[in-house]
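This is final12.txt. It holds compact mmCIF, C-alpha atoms and all ligand atoms.
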# COMPACT_ATOMS: atom_id res chain seq x y z
CA MET A 699 106.14 110.99 124.93
CA SER A 700 108.03 109.48 121.99
CA GLU A 701 107.31 110.66 118.47
CA GLU A 702 105.90 107.27 117.60
CA THR A 703 103.54 107.33 120.60
CA ALA A 704 102.35 110.79 119.57
CA LEU A 705 101.77 109.59 116.00
CA LEU A 706 99.72 106.60 117.16
CA GLU A 707 97.75 108.82 119.51
CA ARG A 708 96.82 111.18 116.67
CA TYR A 709 95.97 108.19 114.48
CA HIS A 710 93.62 106.73 117.08
CA SER A 711 92.03 110.10 117.67
CA VAL A 712 91.27 110.40 113.92
CA GLN A 713 89.83 106.87 113.96
CA ASN A 714 87.60 107.92 116.87
CA ARG A 715 86.43 111.06 115.04
CA ILE A 716 85.50 108.90 112.05
CA ALA A 717 83.64 106.37 114.20
CA LYS A 718 81.70 109.14 115.94
CA ALA A 719 80.72 110.84 112.69
CA VAL A 720 79.65 107.49 111.21
CA GLU A 721 77.45 106.93 114.24
CA GLN A 722 76.03 110.45 114.09
CA ALA A 723 75.22 109.91 110.42
CA GLY A 724 73.38 106.68 111.26
CA ARG A 725 75.70 104.76 108.95
CA LYS A 726 77.26 101.33 109.45
CA GLN A 727 80.60 101.21 111.30
CA GLY A 728 83.27 100.28 108.78
CA SER A 729 81.53 102.04 105.90
CA VAL A 730 84.13 104.83 105.79
CA ALA A 731 87.74 103.98 104.94
CA LEU A 732 90.63 106.05 106.25
CA LEU A 733 93.28 106.93 103.69
CA ALA A 734 96.42 108.12 105.50
CA VAL A 735 97.94 110.92 103.40
CA SER A 736 101.67 110.54 103.93
CA LYS A 737 103.01 113.16 101.51
CA THR A 738 106.22 114.83 102.76
CA LYS A 739 106.41 112.34 105.65
CA PRO A 740 109.14 109.72 106.14
CA VAL A 741 108.69 106.04 105.49
CA GLU A 742 109.32 105.29 109.18
CA MET A 743 106.02 106.94 110.06
CA ILE A 744 104.27 104.88 107.40
CA ALA A 745 105.82 101.71 108.83
CA ALA A 746 104.66 102.60 112.34
CA LEU A 747 101.09 103.14 111.16
CA ALA A 748 101.18 99.95 109.11
CA LYS A 749 102.16 98.08 112.25
CA ALA A 750 99.15 99.63 113.97
CA GLY A 751 96.89 98.25 111.23
CA GLN A 752 96.69 101.06 108.65
CA SER A 753 96.86 99.53 105.18
CA SER A 754 96.14 102.31 102.68
CA PHE A 755 98.23 105.40 102.09
CA GLY A 756 97.83 108.41 99.80
CA GLU A 757 100.66 110.23 98.05
CA ASN A 758 100.67 113.36 95.86
CA TYR A 759 104.13 113.43 94.37
CA LEU A 760 105.41 110.58 92.25
CA GLN A 761 109.14 110.99 92.89
CA GLU A 762 108.53 110.99 96.61
CA ALA A 763 106.10 108.07 96.51
CA LEU A 764 108.08 105.57 94.45
CA PRO A 765 110.79 104.75 97.05
CA LYS A 766 108.12 104.46 99.77
CA ILE A 767 106.13 102.03 97.63
CA ALA A 768 109.29 100.04 96.86
CA GLN A 769 109.87 99.61 100.60
CA HIS A 770 106.25 98.74 101.34
CA PRO A 771 104.76 96.94 98.35
CA GLU A 772 102.40 95.11 100.73
CA LEU A 773 100.45 98.34 101.41
CA GLU A 774 97.70 99.76 99.20
CA TRP A 775 98.87 102.97 97.53
CA HIS A 776 96.53 105.69 96.28
CA PHE A 777 97.68 108.51 93.99
CA ILE A 778 95.82 111.71 94.93
CA GLY A 779 97.94 114.51 93.42
CA PRO A 780 97.91 116.48 90.18
CA ILE A 781 98.81 114.26 87.21
CA GLN A 782 101.08 115.33 84.38
CA SER A 783 100.45 113.27 81.29
CA ASN A 784 104.13 112.32 80.97
CA LYS A 785 104.00 110.73 84.46
CA THR A 786 101.10 108.36 83.94
CA LYS A 787 103.20 105.22 83.30
CA PRO A 788 104.82 104.92 86.76
CA ILE A 789 101.45 105.80 88.29
CA ALA A 790 99.77 103.00 86.33
CA GLU A 791 102.53 100.59 87.36
CA ASN A 792 102.78 101.37 91.07
CA PHE A 793 99.42 102.38 92.49
CA ALA A 794 96.22 100.49 93.25
CA TRP A 795 93.97 103.58 93.07
CA VAL A 796 94.06 106.99 91.36
CA HIS A 797 91.71 109.61 92.86
CA SER A 798 92.75 112.58 90.74
CA VAL A 799 91.79 111.70 87.17
CA ASP A 800 90.83 115.14 85.89
CA ARG A 801 90.72 114.68 82.11
CA LEU A 802 89.96 111.93 79.63
CA LYS A 803 93.48 111.86 78.21
CA ILE A 804 94.84 110.84 81.63
CA ALA A 805 92.37 107.96 81.91
CA GLU A 806 93.28 106.77 78.40
CA ARG A 807 96.98 106.78 79.19
CA LEU A 808 96.51 104.99 82.52
CA SER A 809 94.39 102.36 80.79
CA HIS A 810 96.99 101.82 78.08
CA GLN A 811 99.91 101.70 80.55
CA ARG A 812 98.39 99.58 83.32
CA PRO A 813 100.11 96.16 83.32
CA ALA A 814 97.30 93.61 82.94
CA ALA A 815 99.03 91.30 85.45
CA LEU A 816 98.37 93.83 88.23
CA GLY A 817 94.61 93.72 87.75
CA ASN A 818 92.50 96.79 87.14
CA LEU A 819 93.52 100.20 88.41
CA GLN A 820 90.71 101.65 90.56
CA ILE A 821 89.76 105.09 89.27
CA LEU A 822 87.94 108.11 90.67
CA LEU A 823 87.05 111.16 88.60
CA GLU A 824 87.99 114.43 90.25
CA VAL A 825 85.17 116.98 90.27
CA ASN A 826 85.79 120.73 90.40
CA ILE A 827 82.84 121.06 92.74
CA SER A 828 83.54 124.59 93.94
CA HIS A 829 83.86 125.85 90.33
CA GLU A 830 87.30 127.31 90.99
CA ALA A 831 89.10 128.43 87.84
CA SER A 832 92.43 127.41 89.39
CA LYS A 833 91.32 123.89 90.32
CA ALA A 834 91.61 120.69 88.36
CA GLY A 835 88.68 118.41 87.73
CA PHE A 836 85.66 117.79 85.56
CA SER A 837 82.84 120.26 85.84
CA PRO A 838 79.62 118.62 87.09
CA ASP A 839 77.92 118.98 83.69
CA GLU A 840 80.64 117.10 81.78
CA LEU A 841 80.86 114.28 84.30
CA ILE A 842 78.38 111.75 82.91
CA ASP A 843 79.84 111.86 79.40
CA ALA A 844 83.36 111.52 80.78
CA ALA A 845 82.33 108.60 82.99
CA LYS A 846 80.74 106.79 80.04
CA GLN A 847 83.98 107.07 78.11
CA VAL A 848 86.19 106.04 81.03
CA ALA A 849 83.93 103.04 81.63
CA GLN A 850 84.84 101.72 78.15
CA LEU A 851 88.59 101.65 78.85
CA PRO A 852 90.32 98.32 79.60
CA ASN A 853 92.44 97.78 82.74
CA LEU A 854 90.51 100.42 84.71
CA THR A 855 87.55 100.14 87.07
CA LEU A 856 85.65 103.37 87.55
CA ARG A 857 84.62 103.46 91.22
CA GLY A 858 83.27 106.96 91.80
CA LEU A 859 84.19 110.56 92.48
CA MET A 860 86.68 112.66 94.38
CA ALA A 861 86.67 116.34 95.33
CA ILE A 862 88.83 118.90 97.08
CA PRO A 863 86.32 121.66 97.87
CA GLU A 864 87.25 125.23 98.56
CA ILE A 865 88.29 125.53 102.22
CA SER A 866 85.52 126.67 104.52
CA ASP A 867 85.28 126.84 108.33
CA ASP A 868 81.51 126.75 108.21
CA PRO A 869 80.18 123.20 108.69
CA GLN A 870 76.90 124.09 106.91
CA GLN A 871 78.79 125.31 103.85
CA GLN A 872 81.05 122.22 103.96
CA ARG A 873 78.03 119.92 104.11
CA ALA A 874 76.24 121.70 101.25
CA VAL A 875 79.17 121.07 98.92
CA PHE A 876 79.57 117.44 99.99
CA ALA A 877 75.83 116.92 99.49
CA GLN A 878 76.27 118.08 95.87
CA MET A 879 78.97 115.42 95.45
CA LYS A 880 76.64 112.76 96.80
CA ALA A 881 73.93 113.86 94.36
CA LEU A 882 76.42 113.73 91.48
CA LEU A 883 77.41 110.18 92.41
CA GLN A 884 73.73 109.20 92.47
CA GLN A 885 73.23 110.69 88.99
CA LEU A 886 76.22 108.71 87.79
CA GLN A 887 74.88 105.50 89.36
CA ASN A 888 71.56 106.07 87.59
CA ALA A 889 73.26 106.72 84.25
CA LEU A 890 75.63 103.74 84.54
CA PRO A 891 73.78 101.14 86.64
CA ASP A 892 76.13 98.28 85.70
CA LEU A 893 79.25 99.89 87.17
CA PRO A 894 80.45 99.41 90.78
CA LEU A 895 80.16 103.14 91.56
CA ASP A 896 80.45 102.84 95.34
CA THR A 897 83.10 105.41 96.25
CA LEU A 898 83.05 109.06 97.31
CA SER A 899 86.52 110.29 98.26
CA MET A 900 85.96 113.51 100.19
CA GLY A 901 86.83 114.97 103.58
CA MET A 902 90.25 115.98 104.92
CA SER A 903 91.55 116.92 108.38
CA GLY A 904 89.36 120.03 108.65
CA ASP A 905 86.08 118.69 107.30
CA LEU A 906 85.97 114.92 107.70
CA GLU A 907 82.84 115.03 109.90
CA ALA A 908 80.85 117.04 107.33
CA ALA A 909 81.99 114.70 104.56
CA ILE A 910 80.94 111.58 106.48
CA LEU A 911 77.54 113.08 107.31
CA GLU A 912 77.00 113.55 103.56
CA GLY A 913 78.13 110.11 102.44
CA ALA A 914 81.93 110.01 102.08
CA THR A 915 83.27 106.45 101.80
CA ILE A 916 86.97 107.42 101.86
CA VAL A 917 88.34 110.31 103.90
CA ARG A 918 91.88 111.49 103.09
CA ILE A 919 93.67 112.60 106.24
CA GLY A 920 97.19 114.02 106.41
CA THR A 921 97.81 116.75 108.99
CA ASP A 922 95.70 115.36 111.83
CA ILE A 923 97.55 112.02 111.66
CA PHE A 924 101.10 113.01 110.72
CA GLY A 925 101.26 116.56 112.09
CA ALA A 926 101.88 119.69 110.04
CA ARG A 927 103.76 119.08 106.83
CA SER A 928 107.46 119.79 107.01
CA TYR A 929 107.77 121.71 103.74
CA PRO A 930 105.24 123.66 101.70
CA GLN A 931 103.36 121.81 98.97
CA THR A 932 104.40 124.27 96.28
CA ALA A 933 108.09 123.64 96.92
CA THR A 934 107.70 119.97 96.03
CA GLN A 935 105.56 120.29 92.92
CA SER A 936 107.51 119.30 89.87
CA THR A 937 107.51 121.53 86.84
CA GLY A 938 105.10 121.48 83.91
CA GLU A 939 104.35 118.88 81.28
C1 LIG B 1 97.28 116.85 101.30
C2 LIG B 1 95.98 116.30 100.84
C3 LIG B 1 95.06 115.74 101.74
C4 LIG B 1 95.26 115.76 103.25
O1 LIG B 1 94.94 117.03 103.74
P1 LIG B 1 95.01 117.36 105.32
O2 LIG B 1 94.25 118.63 105.41
O3 LIG B 1 96.45 117.49 105.66
O4 LIG B 1 94.35 116.25 106.04
C5 LIG B 1 93.91 115.18 101.23
N1 LIG B 1 93.65 115.16 99.90
C6 LIG B 1 94.50 115.69 99.01
C7 LIG B 1 94.17 115.63 97.57
C8 LIG B 1 95.69 116.27 99.44
O5 LIG B 1 96.51 116.82 98.54
Can you dump the structure from the file as structure tokens?
Amino acid sequence: MSEETALLERYHSVQNRIAKAVEQAGRKQGSVALLAVSKTKPVEMIAALAKAGQSSFGENYLQEALPKIAQHPELEWHFIGPIQSNKTKPIAENFAWVHSVDRLKIAERLSHQRPAALGNLQILLEVNISHEASKAGFSPDELIDAAKQVAQLPNLTLRGLMAIPEISDDPQQQRAVFAQMKALLQQLQNALPDLPLDTLSMGMSGDLEAAILEGATIVRIGTDIFGARSYPQTATQSTGE
């Protein structure tokens, strides 16, 4: 089997898992978008998936993402990685969505640096839902205030929330955390009823089913589409601000 055939097979199998979970959740088919997380993977794989109909891709590292975006400006690019404040300008100029806004300063810079001609940048606030000291994100109790401030900023549209929960093999534990995210989004919708807060970005290769059962609208899948990553994440992270 060629590498491309294997890639497309994994892609279709992820699509099937999503469709099954959507059905099990009693939700409408098409209500969960698949974001293909292509970090560390070559542009040829992205092109093959694009040909198969995949239109949105997630990247974590700016330097790696920019040449891919330059080759495929027709695709929808989502930034999902840690954001250093000195890197916000190319993010604002090259991406359609940012999932990993973890402090107000980042939102302010993205707002200021987003070229108006590109239309609004779609924004998600990252929530530190597992209360891990090492993790980025707003704590649940500061979320509503932060959202109210982000909602005032020009050139941005606040669409909802994103989380990367602590890894767990236990589907009940996974679902409990995702259910908290759903409740937080509902609180936000109640507090800011005029905003289009329709997006919950949660669920990765190991927990996409649990996320969909609890209301995910975007699942971010890397490994189960592209295969194991070819070099460790930490080796590619650029150095501090
Ligand atoms: C790498 C990454 C993913 C994809 O994770 P897999 O387990 O490989 O599917 C999703 N979200 C974020 C933020 C990531 O960094």
Which polymer residues have any atom within 8 Å of an atom of Arg812 in chain A, counting only C-alpha atoms, with same-chain residues fewer than 4 positions away left out, as a ChimeraX atom specification? /A:787,790-791,808,816,818-819,853
Go ahead and save the residues from that selection, with C-alpha atoms, as a compact mmCIF listing (two decimals), in the coordinates of the input.
# COMPACT_ATOMS: atom_id res chain seq x y z
CA LYS A 787 103.20 105.22 83.30
CA ALA A 790 99.77 103.00 86.33
CA GLU A 791 102.53 100.59 87.36
CA LEU A 808 96.51 104.99 82.52
CA LEU A 816 98.37 93.83 88.23
CA ASN A 818 92.50 96.79 87.14
CA LEU A 819 93.52 100.20 88.41
CA ASN A 853 92.44 97.78 82.74
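Nearest-residue note for ligand LIG 1 (chain B): choosing from A:Ile910, A:Val735, A:Ala834, A:Ala844, the minimum distance belongs to A:Val735, counting only C-alpha atoms and all ligand atoms.
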Padded axis-aligned box of range 883-900 of chain A (3 Å per side), centre and edge lengths, Å, one decimal, as lines of an AutoDock Vina configuration file:
center_x = 79.0
center_y = 105.9
center_z = 92.2
size_x = 21.0
size_y = 21.2
size_z = 21.9
In Å, rounded to a single decimal, give me how far CA of Arg927 in chain A is from CA of Pro765 in chain A.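 Separating CA of Pro765 in chain A from CA of Arg927 in chain A is a distance of 18.7 Å.
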Smallest atom-to-atom distance to Ser903 in chain A: which of A:Arg857, A:Gly728, A:Arg708, A:Leu822, using only C-alpha atoms?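 Selected residue with least distance to Ser903 in chain A: A:Arg708.
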What is the CA of Leu854 in chain A-CA of Ser809 in chain A distance in Å, reported with one decimal? 5.8 Å
Within 9 Å of file point (88.9, 111.1, 105.1), counting all atoms listed in the file, expressed as a list in words: Ile716, Val730, Ala731, Leu732, Leu733, Ala734, Ser899, Met900, Gly901, Met902, Ser903, Asp905, Leu906, Glu907, Ala909, Ile910, Ala914, Thr915, Ile916, Val917, Arg918, Ile919 and Gly920 of chain A
Point-to-point distance from CA of Gln884 in chain A to CA of Leu802 in chain A, Å rounded to tenths: 20.9 Å
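Taking all atoms listed in the file into account, ligand LIG 1 (chain B) lies nearest to A:Ser736 out of the set A:Ser736, A:Thr786, A:Gln769, A:Gln878.
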Nearby residues (only C-alpha atoms) at most 7 Å from range 823-832 of chain A, same-chain spacing under 2 positions excluded, as a PyMOL selection string: chain A and resi 797-800+821+834-838+858-861+863-864
Shortest contact to Thr738 in chain A, candidates A:Ile789, A:Leu760, A:Ala814, A:Ala805, atoms counted all atoms listed in the file, goes to A:Leu760
Quick one: residues within 12 Å of Gln727 in chain A, only C-alpha atoms, excluding same-chain residues fewer than 5 positions away - as a PyMOL selection string? chain A and resi 713-714+716-722+910+915
Hey, which of A:Ala745, A:Ala926, A:Ala877, A:Leu882 ends up closest to ligand LIG 1 (chain B)? Count all atoms listed in the file.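 Looking at the shortest contact to ligand LIG 1 (chain B), the residue is A:Ala926.
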